[in-house]
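Novice: I'm passing along my_file_15.cif; it holds mmCIF, C-alpha atoms.
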data_query
#
loop_
_atom_site.group_PDB
_atom_site.id
_atom_site.type_symbol
_atom_site.label_atom_id
_atom_site.label_comp_id
_atom_site.auth_asym_id
_atom_site.auth_seq_id
_atom_site.Cartn_x
_atom_site.Cartn_y
_atom_site.Cartn_z
ATOM 1 C CA MET A 1 -17.987 7.747 20.097
ATOM 2 C CA VAL A 2 -15.691 7.269 17.109
ATOM 3 C CA THR A 3 -15.389 10.501 15.167
ATOM 4 C CA LEU A 4 -13.072 11.876 12.501
ATOM 5 C CA ASN A 5 -10.755 13.153 15.225
ATOM 6 C CA SER A 6 -10.132 9.645 16.573
ATOM 7 C CA TYR A 7 -8.791 8.507 13.228
ATOM 8 C CA LEU A 8 -6.730 11.669 12.837
ATOM 9 C CA VAL A 9 -5.096 11.207 16.253
ATOM 10 C CA VAL A 10 -4.245 7.554 15.545
ATOM 11 C CA THR A 11 -2.709 8.408 12.180
ATOM 12 C CA ALA A 12 -0.779 11.345 13.667
ATOM 13 C CA ILE A 13 0.867 8.943 16.137
ATOM 14 C CA LEU A 14 1.512 6.439 13.329
ATOM 15 C CA PHE A 15 3.107 9.188 11.229
ATOM 16 C CA CYS A 16 5.377 10.264 14.090
ATOM 17 C CA LEU A 17 6.516 6.671 14.687
ATOM 18 C CA GLY A 18 7.356 6.359 10.990
ATOM 19 C CA LEU A 19 9.224 9.666 10.972
ATOM 20 C CA TYR A 20 11.216 8.609 14.053
ATOM 21 C CA ASN A 21 12.091 5.381 12.240
ATOM 22 C CA VAL A 22 13.254 7.297 9.163
ATOM 23 C CA ILE A 23 15.503 9.732 11.014
ATOM 24 C CA THR A 24 17.144 7.320 13.441
ATOM 25 C CA ARG A 25 17.755 4.085 11.547
ATOM 26 C CA LYS A 26 21.098 3.360 9.935
ATOM 27 C CA ASN A 27 19.812 0.354 8.013
ATOM 28 C CA ALA A 28 18.418 1.282 4.597
ATOM 29 C CA VAL A 29 15.673 -1.370 4.764
ATOM 30 C CA GLY A 30 14.634 -0.033 8.196
ATOM 31 C CA ILE A 31 14.287 3.447 6.701
ATOM 32 C CA LEU A 32 12.092 1.970 3.975
ATOM 33 C CA MET A 33 9.807 0.453 6.639
ATOM 34 C CA GLY A 34 9.438 3.899 8.216
ATOM 35 C CA VAL A 35 8.397 5.292 4.837
ATOM 36 C CA GLU A 36 5.748 2.557 4.594
ATOM 37 C CA LEU A 37 4.359 3.594 8.002
ATOM 38 C CA ILE A 38 4.133 7.233 6.884
ATOM 39 C CA LEU A 39 2.380 6.267 3.633
ATOM 40 C CA ASN A 40 -0.113 4.110 5.544
ATOM 41 C CA ALA A 41 -0.922 6.996 7.888
ATOM 42 C CA ALA A 42 -1.578 9.310 4.945
ATOM 43 C CA SER A 43 -3.717 6.667 3.262
ATOM 44 C CA VAL A 44 -5.941 6.186 6.325
ATOM 45 C CA ASN A 45 -6.328 9.958 6.544
ATOM 46 C CA PHE A 46 -7.589 10.179 2.955
ATOM 47 C CA VAL A 47 -10.142 7.430 3.522
ATOM 48 C CA ALA A 48 -11.234 8.858 6.879
ATOM 49 C CA PHE A 49 -11.951 12.300 5.429
ATOM 50 C CA ALA A 50 -13.795 10.683 2.528
ATOM 51 C CA HIS A 51 -15.897 8.521 4.833
ATOM 52 C CA PHE A 52 -16.962 11.413 7.015
ATOM 53 C CA HIS A 53 -18.003 13.358 3.915
ATOM 54 C CA GLY A 54 -20.644 10.821 3.008
ATOM 55 C CA ASN A 55 -18.371 8.134 1.503
ATOM 56 C CA HIS A 56 -16.957 10.440 -1.134
ATOM 57 C CA ILE A 57 -15.265 8.345 -3.822
ATOM 58 C CA ALA A 58 -12.193 10.572 -4.398
ATOM 59 C CA GLY A 59 -10.550 9.667 -1.109
ATOM 60 C CA ASN A 60 -10.743 5.968 -1.887
ATOM 61 C CA ILE A 61 -9.320 6.490 -5.387
ATOM 62 C CA PHE A 62 -6.459 8.555 -3.983
ATOM 63 C CA SER A 63 -5.745 5.896 -1.390
ATOM 64 C CA LEU A 64 -5.595 3.203 -4.076
ATOM 65 C CA PHE A 65 -3.162 5.293 -6.122
ATOM 66 C CA LEU A 66 -1.087 5.734 -2.956
ATOM 67 C CA ILE A 67 -0.891 1.961 -2.422
ATOM 68 C CA VAL A 68 0.183 1.404 -6.034
ATOM 69 C CA LEU A 69 2.852 4.131 -5.829
ATOM 70 C CA ALA A 70 4.102 2.632 -2.554
ATOM 71 C CA ALA A 71 4.537 -0.696 -4.334
ATOM 72 C CA ALA A 72 6.526 0.946 -7.149
ATOM 73 C CA GLU A 73 8.601 2.886 -4.620
ATOM 74 C CA ALA A 74 9.378 -0.250 -2.609
ATOM 75 C CA ALA A 75 10.476 -2.129 -5.725
ATOM 76 C CA VAL A 76 12.839 0.624 -6.883
ATOM 77 C CA ALA A 77 14.175 1.358 -3.385
ATOM 78 C CA LEU A 78 14.927 -2.292 -2.674
ATOM 79 C CA ALA A 79 16.664 -2.567 -6.059
ATOM 80 C CA ILE A 80 18.833 0.391 -5.055
ATOM 81 C CA VAL A 81 19.542 -1.298 -1.695
ATOM 82 C CA MET A 82 20.663 -4.485 -3.449
ATOM 83 C CA ALA A 83 22.891 -2.506 -5.821
ATOM 84 C CA LEU A 84 24.348 -0.647 -2.821
ATOM 85 C CA TYR A 85 25.024 -3.941 -1.063
ATOM 86 C CA LYS A 86 26.850 -5.252 -4.098
ATOM 87 C CA GLN A 87 28.845 -2.037 -4.439
ATOM 88 C CA VAL A 88 29.728 -1.214 -0.808
ATOM 89 C CA GLY A 89 29.198 -4.547 0.966
ATOM 90 C CA SER A 90 26.856 -3.096 3.588
ATOM 91 C CA ILE A 91 23.471 -1.373 3.718
ATOM 92 C CA ASP A 92 24.474 1.137 6.377
ATOM 93 C CA VAL A 93 23.440 4.470 4.884
ATOM 94 C CA ASP A 94 26.384 6.222 6.544
ATOM 95 C CA GLU A 95 28.787 4.205 4.423
ATOM 96 C CA ALA A 96 27.219 5.145 1.090
ATOM 97 C CA THR A 97 29.523 8.080 0.479
ATOM 98 C CA THR A 98 30.417 7.479 -3.152
ATOM 99 C CA LEU A 99 28.569 10.520 -4.457
ATOM 100 C CA LYS A 100 30.629 12.839 -2.270
ATOM 101 C CA GLY A 101 33.477 12.514 -4.757
ATOM 102 C CA MET B 1 -22.072 0.874 27.864
ATOM 103 C CA PRO B 2 -19.752 1.574 24.965
ATOM 104 C CA ALA B 3 -20.913 0.588 21.554
ATOM 105 C CA LEU B 4 -19.369 -2.335 19.706
ATOM 106 C CA LYS B 5 -17.951 0.044 17.118
ATOM 107 C CA ASP B 6 -15.945 1.945 19.716
ATOM 108 C CA ILE B 7 -14.492 -1.243 21.189
ATOM 109 C CA THR B 8 -13.526 -2.465 17.728
ATOM 110 C CA PHE B 9 -11.917 0.851 16.914
ATOM 111 C CA LEU B 10 -9.941 0.868 20.163
ATOM 112 C CA LEU B 11 -8.725 -2.697 19.646
ATOM 113 C CA LEU B 12 -7.751 -2.089 16.018
ATOM 114 C CA SER B 13 -5.972 1.194 16.625
ATOM 115 C CA GLY B 14 -4.182 -0.182 19.677
ATOM 116 C CA PHE B 15 -3.035 -3.183 17.669
ATOM 117 C CA THR B 16 -1.852 -0.942 14.839
ATOM 118 C CA LEU B 17 0.047 1.438 17.088
ATOM 119 C CA ILE B 18 1.641 -1.281 19.233
ATOM 120 C CA SER B 19 2.957 -3.108 16.193
ATOM 121 C CA ALA B 20 4.096 0.201 14.682
ATOM 122 C CA ALA B 21 6.043 0.785 17.894
ATOM 123 C CA GLY B 22 7.478 -2.691 17.406
ATOM 124 C CA VAL B 23 8.619 -1.704 13.915
ATOM 125 C CA THR B 24 10.235 1.431 15.263
ATOM 126 C CA PHE B 25 11.863 0.280 18.487
ATOM 127 C CA SER B 26 12.751 -3.402 18.068
ATOM 128 C CA ARG B 27 16.399 -4.363 18.176
ATOM 129 C CA LYS B 28 16.493 -6.803 15.295
ATOM 130 C CA ILE B 29 15.525 -5.891 11.758
ATOM 131 C CA VAL B 30 13.669 -9.191 11.265
ATOM 132 C CA TYR B 31 11.410 -8.408 14.232
ATOM 133 C CA SER B 32 10.747 -4.992 12.685
ATOM 134 C CA GLY B 33 9.740 -6.706 9.452
ATOM 135 C CA PHE B 34 7.325 -9.044 11.148
ATOM 136 C CA SER B 35 5.837 -6.228 13.258
ATOM 137 C CA LEU B 36 5.136 -4.415 10.013
ATOM 138 C CA LEU B 37 2.781 -7.297 9.201
ATOM 139 C CA GLY B 38 0.658 -6.405 12.251
ATOM 140 C CA THR B 39 0.617 -2.723 11.341
ATOM 141 C CA LEU B 40 -0.519 -3.413 7.783
ATOM 142 C CA PHE B 41 -3.312 -5.725 8.941
ATOM 143 C CA GLY B 42 -4.422 -3.180 11.542
ATOM 144 C CA VAL B 43 -4.569 -0.451 8.909
ATOM 145 C CA ALA B 44 -6.617 -2.793 6.701
ATOM 146 C CA GLY B 45 -9.033 -3.213 9.622
ATOM 147 C CA LEU B 46 -9.291 0.558 9.973
ATOM 148 C CA PHE B 47 -10.164 0.722 6.259
ATOM 149 C CA VAL B 48 -12.961 -1.785 6.851
ATOM 150 C CA MET B 49 -14.259 0.369 9.712
ATOM 151 C CA LEU B 50 -14.287 3.316 7.316
ATOM 152 C CA SER B 51 -16.507 1.272 4.957
ATOM 153 C CA SER B 52 -13.963 1.123 2.142
ATOM 154 C CA ASP B 53 -13.861 -2.614 1.592
ATOM 155 C CA PHE B 54 -12.016 -2.526 -1.717
ATOM 156 C CA VAL B 55 -9.148 -0.450 -0.323
ATOM 157 C CA ALA B 56 -8.841 -2.860 2.612
ATOM 158 C CA VAL B 57 -8.585 -5.884 0.334
ATOM 159 C CA THR B 58 -6.089 -4.091 -1.895
ATOM 160 C CA GLN B 59 -4.052 -3.177 1.170
ATOM 161 C CA VAL B 60 -3.837 -6.816 2.247
ATOM 162 C CA LEU B 61 -3.075 -8.050 -1.271
ATOM 163 C CA ILE B 62 -0.424 -5.513 -2.253
ATOM 164 C CA TYR B 63 1.181 -4.584 1.063
ATOM 165 C CA VAL B 64 1.145 -7.943 2.845
ATOM 166 C CA GLY B 65 1.428 -10.095 -0.250
ATOM 167 C CA GLY B 66 3.865 -7.936 -2.157
ATOM 168 C CA ILE B 67 5.767 -5.233 -0.333
ATOM 169 C CA LEU B 68 6.252 -7.098 2.948
ATOM 170 C CA VAL B 69 7.564 -10.209 1.193
ATOM 171 C CA LEU B 70 9.890 -7.988 -0.841
ATOM 172 C CA ILE B 71 11.164 -6.286 2.334
ATOM 173 C CA LEU B 72 11.757 -9.620 4.090
ATOM 174 C CA PHE B 73 13.639 -10.897 1.038
ATOM 175 C CA ALA B 74 15.804 -7.778 1.055
ATOM 176 C CA ILE B 75 16.532 -8.190 4.785
ATOM 177 C CA MET B 76 17.561 -11.783 4.406
ATOM 178 C CA LEU B 77 19.642 -11.194 1.286
ATOM 179 C CA THR B 78 21.602 -8.196 2.464
ATOM 180 C CA SER B 79 22.531 -8.295 6.133
ATOM 181 C CA LYS B 80 24.122 -10.711 8.513
ATOM 182 C CA ILE B 81 20.926 -11.278 10.470
ATOM 183 C CA GLY B 82 22.486 -12.641 13.648
ATOM 184 C CA ASP B 83 24.529 -9.539 14.271
ATOM 185 C CA MET B 84 22.246 -7.261 16.250
ATOM 186 C CA LYS B 85 24.470 -4.203 16.260
ATOM 187 C CA LEU B 86 25.127 -4.380 12.566
ATOM 188 C CA THR B 87 21.598 -4.942 11.409
ATOM 189 C CA ASN B 88 19.404 -2.507 13.247
ATOM 190 C CA GLN B 89 21.386 0.194 14.943
ATOM 191 C CA SER B 90 19.537 3.413 15.582
ATOM 192 C CA VAL B 91 21.286 6.677 16.241
ATOM 193 C CA ASN B 92 20.470 9.946 17.996
ATOM 194 C CA GLY B 93 17.491 8.466 19.858
ATOM 195 C CA LYS B 94 17.916 10.818 22.808
ATOM 196 C CA VAL B 95 17.517 13.830 20.541
ATOM 197 C CA ALA B 96 14.857 12.375 18.276
ATOM 198 C CA ILE B 97 12.375 11.187 20.904
ATOM 199 C CA PRO B 98 11.638 14.665 22.372
ATOM 200 C CA ILE B 99 11.377 16.138 18.876
ATOM 201 C CA MET B 100 8.935 13.438 17.778
ATOM 202 C CA ALA B 101 6.898 13.795 20.978
ATOM 203 C CA GLY B 102 6.739 17.547 20.372
ATOM 204 C CA ILE B 103 5.598 17.089 16.781
ATOM 205 C CA ALA B 104 2.974 14.529 17.850
ATOM 206 C CA PHE B 105 1.687 16.814 20.630
ATOM 207 C CA PHE B 106 1.494 19.801 18.261
ATOM 208 C CA MET B 107 -0.294 17.795 15.566
ATOM 209 C CA ILE B 108 -2.812 16.282 17.988
ATOM 210 C CA THR B 109 -3.659 19.586 19.662
ATOM 211 C CA GLN B 110 -4.085 21.253 16.267
ATOM 212 C CA LEU B 111 -6.208 18.391 14.919
ATOM 213 C CA THR B 112 -8.529 18.143 17.882
ATOM 214 C CA GLY B 113 -8.847 21.916 18.120
ATOM 215 C CA SER B 114 -9.958 22.302 14.511
ATOM 216 C CA GLN B 115 -13.536 22.360 13.359
ATOM 217 C CA TRP B 116 -13.727 19.900 10.465
ATOM 218 C CA LYS B 117 -16.696 20.163 8.181
ATOM 219 C CA THR B 118 -18.266 16.696 8.285
ATOM 220 C CA ASN B 119 -21.536 15.000 7.578
ATOM 221 C CA ASP B 120 -22.717 13.622 10.887
ATOM 222 C CA VAL B 121 -24.592 10.720 9.362
ATOM 223 C CA GLU B 122 -22.239 7.855 8.616
ATOM 224 C CA SER B 123 -23.276 5.555 5.830
ATOM 225 C CA TYR B 124 -21.972 2.072 5.262
ATOM 226 C CA GLN B 125 -22.294 0.562 1.837
ATOM 227 C CA SER B 126 -20.027 -1.311 -0.517
ATOM 228 C CA LEU B 127 -17.891 1.045 -2.581
ATOM 229 C CA LEU B 128 -16.821 -1.542 -5.131
ATOM 230 C CA ILE B 129 -19.179 -0.496 -7.928
ATOM 231 C CA PRO B 130 -18.628 3.283 -7.515
ATOM 232 C CA ILE B 131 -14.849 2.767 -7.508
ATOM 233 C CA GLY B 132 -15.004 0.676 -10.685
ATOM 234 C CA ASN B 133 -17.171 3.263 -12.406
ATOM 235 C CA ALA B 134 -14.935 6.110 -11.280
ATOM 236 C CA PHE B 135 -11.801 4.391 -12.573
ATOM 237 C CA LEU B 136 -13.315 3.936 -16.015
ATOM 238 C CA LYS B 137 -14.998 7.343 -16.232
ATOM 239 C CA GLU B 138 -13.590 10.436 -14.571
ATOM 240 C CA TYR B 139 -10.316 8.901 -13.344
ATOM 241 C CA LEU B 140 -9.445 7.103 -16.589
ATOM 242 C CA LEU B 141 -6.375 9.224 -17.413
ATOM 243 C CA PRO B 142 -4.729 8.843 -13.945
ATOM 244 C CA PHE B 143 -5.505 5.128 -14.127
ATOM 245 C CA GLU B 144 -3.618 4.804 -17.411
ATOM 246 C CA ILE B 145 -0.753 7.005 -16.217
ATOM 247 C CA ILE B 146 -0.277 4.901 -13.080
ATOM 248 C CA SER B 147 0.089 1.800 -15.226
ATOM 249 C CA ILE B 148 2.890 3.513 -17.150
ATOM 250 C CA VAL B 149 4.495 4.469 -13.817
ATOM 251 C CA LEU B 150 4.326 0.832 -12.710
ATOM 252 C CA LEU B 151 5.902 -0.328 -15.971
ATOM 253 C CA GLY B 152 8.672 2.238 -15.559
ATOM 254 C CA ALA B 153 9.311 1.126 -11.969
ATOM 255 C CA LEU B 154 9.457 -2.511 -13.062
ATOM 256 C CA VAL B 155 11.958 -1.854 -15.860
ATOM 257 C CA GLY B 156 13.952 0.560 -13.710
ATOM 258 C CA ALA B 157 14.297 -1.919 -10.851
ATOM 259 C CA MET B 158 15.585 -4.557 -13.240
ATOM 260 C CA VAL B 159 18.045 -2.147 -14.852
ATOM 261 C CA ILE B 160 19.403 -1.093 -11.449
ATOM 262 C CA VAL B 161 20.120 -4.605 -10.154
ATOM 263 C CA LYS B 162 21.264 -6.271 -13.354
ATOM 264 C CA LYS B 163 24.871 -7.228 -13.844
ATOM 265 C CA GLU B 164 27.045 -4.883 -15.824
ATOM 266 C CA ALA B 165 27.507 -6.158 -19.369
ATOM 267 C CA LYS B 166 31.136 -6.339 -20.212
#
Can you present the structure in this file as structure tokens?

Specialist:
Amino acid sequence: MVTLNSYLVVTAILFCLGLYNVITRKNAVGILMGVELILNAASVNFVAFAHFHGNHIAGNIFSLFLIVLAAAEAAVALAIVMALYKQVGSIDVDEATTLKG
Amino acid sequence: MPALKDITFLLLSGFTLISAAGVTFSRKIVYSGFSLLGTLFGVAGLFVMLSSDFVAVTQVLIYVGGILVLILFAIMLTSKIGDMKLTNQSVNGKVAIPIMAGIAFFMITQLTGSQWKTNDVESYQSLLIPIGNAFLKEYLLPFEIISIVLLGALVGAMVIVKKEAK
């Protein structure tokens, strides 16, 4: 029997995988992929709660806004990665120490 | 005998989680990028199971058609792909895995122990027309604001990567 809890458990595991990716990767693009996993988990949660409340429309709208913001975030973050690569010559986040002064 | 819906859910969620594990644990960054494809398609399938067809289609269009291609471009433009150590090193795994397992265990026990207020009757109908009406009626202002956000992100990305004018 598929209930709300099944979806919540799956997205909790997905969120933890994304968080693990974010805190252990050294590659900036890898960190960005972890952020995408976390955003996807949140998005499924919104739609799942909406569906089990009689297909409420607000969850779907929120999920669409989340997808659009993820697209904007990916564009800006990858632009920053390219600028970092031009500046430092690597996308290892440990080497981006310019702001330390 | 389990219902068809349960089997579909198990297959979809297993597919999603296995490819998410591929994103997280694979040695090469290109393999991570292609595993992300499986995760995004699996999440789109979960959206279909939750009867939100429009969100599923948008997920495939924007994530797979846009963000994933952008990520693969960034991988191939920035790193020396053949060098495994350089491209996808992960640090502190021995510390992070127990912490993540603890967080996952805590979240799952809390989630399954809670009493969520739900309607027991699931309904499946197309949400395309209600979403269109909602965007042009009560969510009109957020809809316009998000277009300004997108324009700002577009211009900002170009300003960040452009060559310095001398």

Novice: Quote the spacing between CA of Ala83 in chain A and CA of Met158 in chain B in Å to one decimal place.

Specialist: 10.6 Å

Novice: Which residues, written as a PyMOL selection string, have at least one atom at most 6 Å from range 57-71 of chain A, with only C-alpha atoms counted and residues fewer than 6 positions away on the same chain left out?

Specialist: chain A and resi 43+46-47+50

Novice: Please report as a Markdown table every residue of chain B lying within 7 Å of chain A, along with the nearest atom pair and their distance in Å (one decimal), using all atoms listed in the file.

Specialist:
| residue | atom | partner | partner_atom | distance |
| --- | --- | --- | --- | --- |
| B:Asp6 | CA | A:Val2 | CA | 5.9 |
| B:Ser13 | CA | A:Val10 | CA | 6.7 |
| B:Leu17 | CA | A:Leu14 | CA | 6.4 |
| B:Ala20 | CA | A:Leu14 | CA | 6.9 |
| B:Ala21 | CA | A:Leu17 | CA | 6.7 |
| B:Thr24 | CA | A:Asn21 | CA | 5.3 |
| B:Ile29 | CA | A:Gly30 | CA | 6.9 |
| B:Phe47 | CA | A:Val44 | CA | 6.9 |
| B:Leu50 | CA | A:His51 | CA | 6.0 |
| B:Val55 | CA | A:Leu64 | CA | 6.3 |
| B:Ile67 | CA | A:Ala71 | CA | 6.2 |
| B:Ala74 | CA | A:Leu78 | CA | 6.7 |
| B:Ile75 | CA | A:Val29 | CA | 6.9 |
| B:Thr78 | CA | A:Tyr85 | CA | 6.5 |
| B:Thr87 | CA | A:Asn27 | CA | 6.5 |
| B:Asn88 | CA | A:Asn27 | CA | 6.0 |
| B:Gln89 | CA | A:Lys26 | CA | 5.9 |
| B:Ser90 | CA | A:Arg25 | CA | 4.5 |
| B:Val91 | CA | A:Thr24 | CA | 5.0 |
| B:Asn92 | CA | A:Thr24 | CA | 6.2 |
| B:Gly93 | CA | A:Thr24 | CA | 6.5 |
| B:Ala96 | CA | A:Tyr20 | CA | 6.7 |
| B:Met100 | CA | A:Cys16 | CA | 6.0 |
| B:Ala104 | CA | A:Cys16 | CA | 6.2 |
| B:Met107 | CA | A:Ala12 | CA | 6.7 |
| B:Ile108 | CA | A:Val9 | CA | 5.8 |
| B:Leu111 | CA | A:Asn5 | CA | 6.9 |
| B:Thr112 | CA | A:Asn5 | CA | 6.1 |
| B:Thr118 | CA | A:His53 | CA | 5.5 |
| B:Asn119 | CA | A:His53 | CA | 5.3 |
| B:Glu122 | CA | A:Gly54 | CA | 6.5 |
| B:Ser123 | CA | A:Gly54 | CA | 6.5 |
| B:Ile131 | CA | A:Ile57 | CA | 6.7 |
| B:Leu150 | CA | A:Ala72 | CA | 6.0 |
| B:Ala153 | CA | A:Ala72 | CA | 5.6 |
| B:Gly156 | CA | A:Val76 | CA | 6.9 |
| B:Ala157 | CA | A:Val76 | CA | 4.9 |
| B:Ile160 | CA | A:Ala79 | CA | 6.2 |
| B:Val161 | CA | A:Ala83 | CA | 5.6 |

Novice: Just how far from CA of Gln125 in chain B is CA of Ile7 in chain B, in Å to one decimal?

Specialist: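 Taking CA of Ile7 in chain B and CA of Gln125 in chain B, their separation equals 20.9 Å.
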
Novice: What's the separation between CA of Leu4 in chain B and CA of Met49 in chain B, in Å to one decimal place?

Specialist: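 Computing it gives 11.5 Å between the two atoms.
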
Novice: My list of candidates is B:Ala101, B:Leu68, B:Leu61, B:Val149. Which is closest to Leu37 in chain B when distances are computed with all atoms listed in the file?

Specialist: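 Between B:Ala101, B:Leu68, B:Leu61, B:Val149, the residue approaching Leu37 in chain B most closely is B:Leu68.
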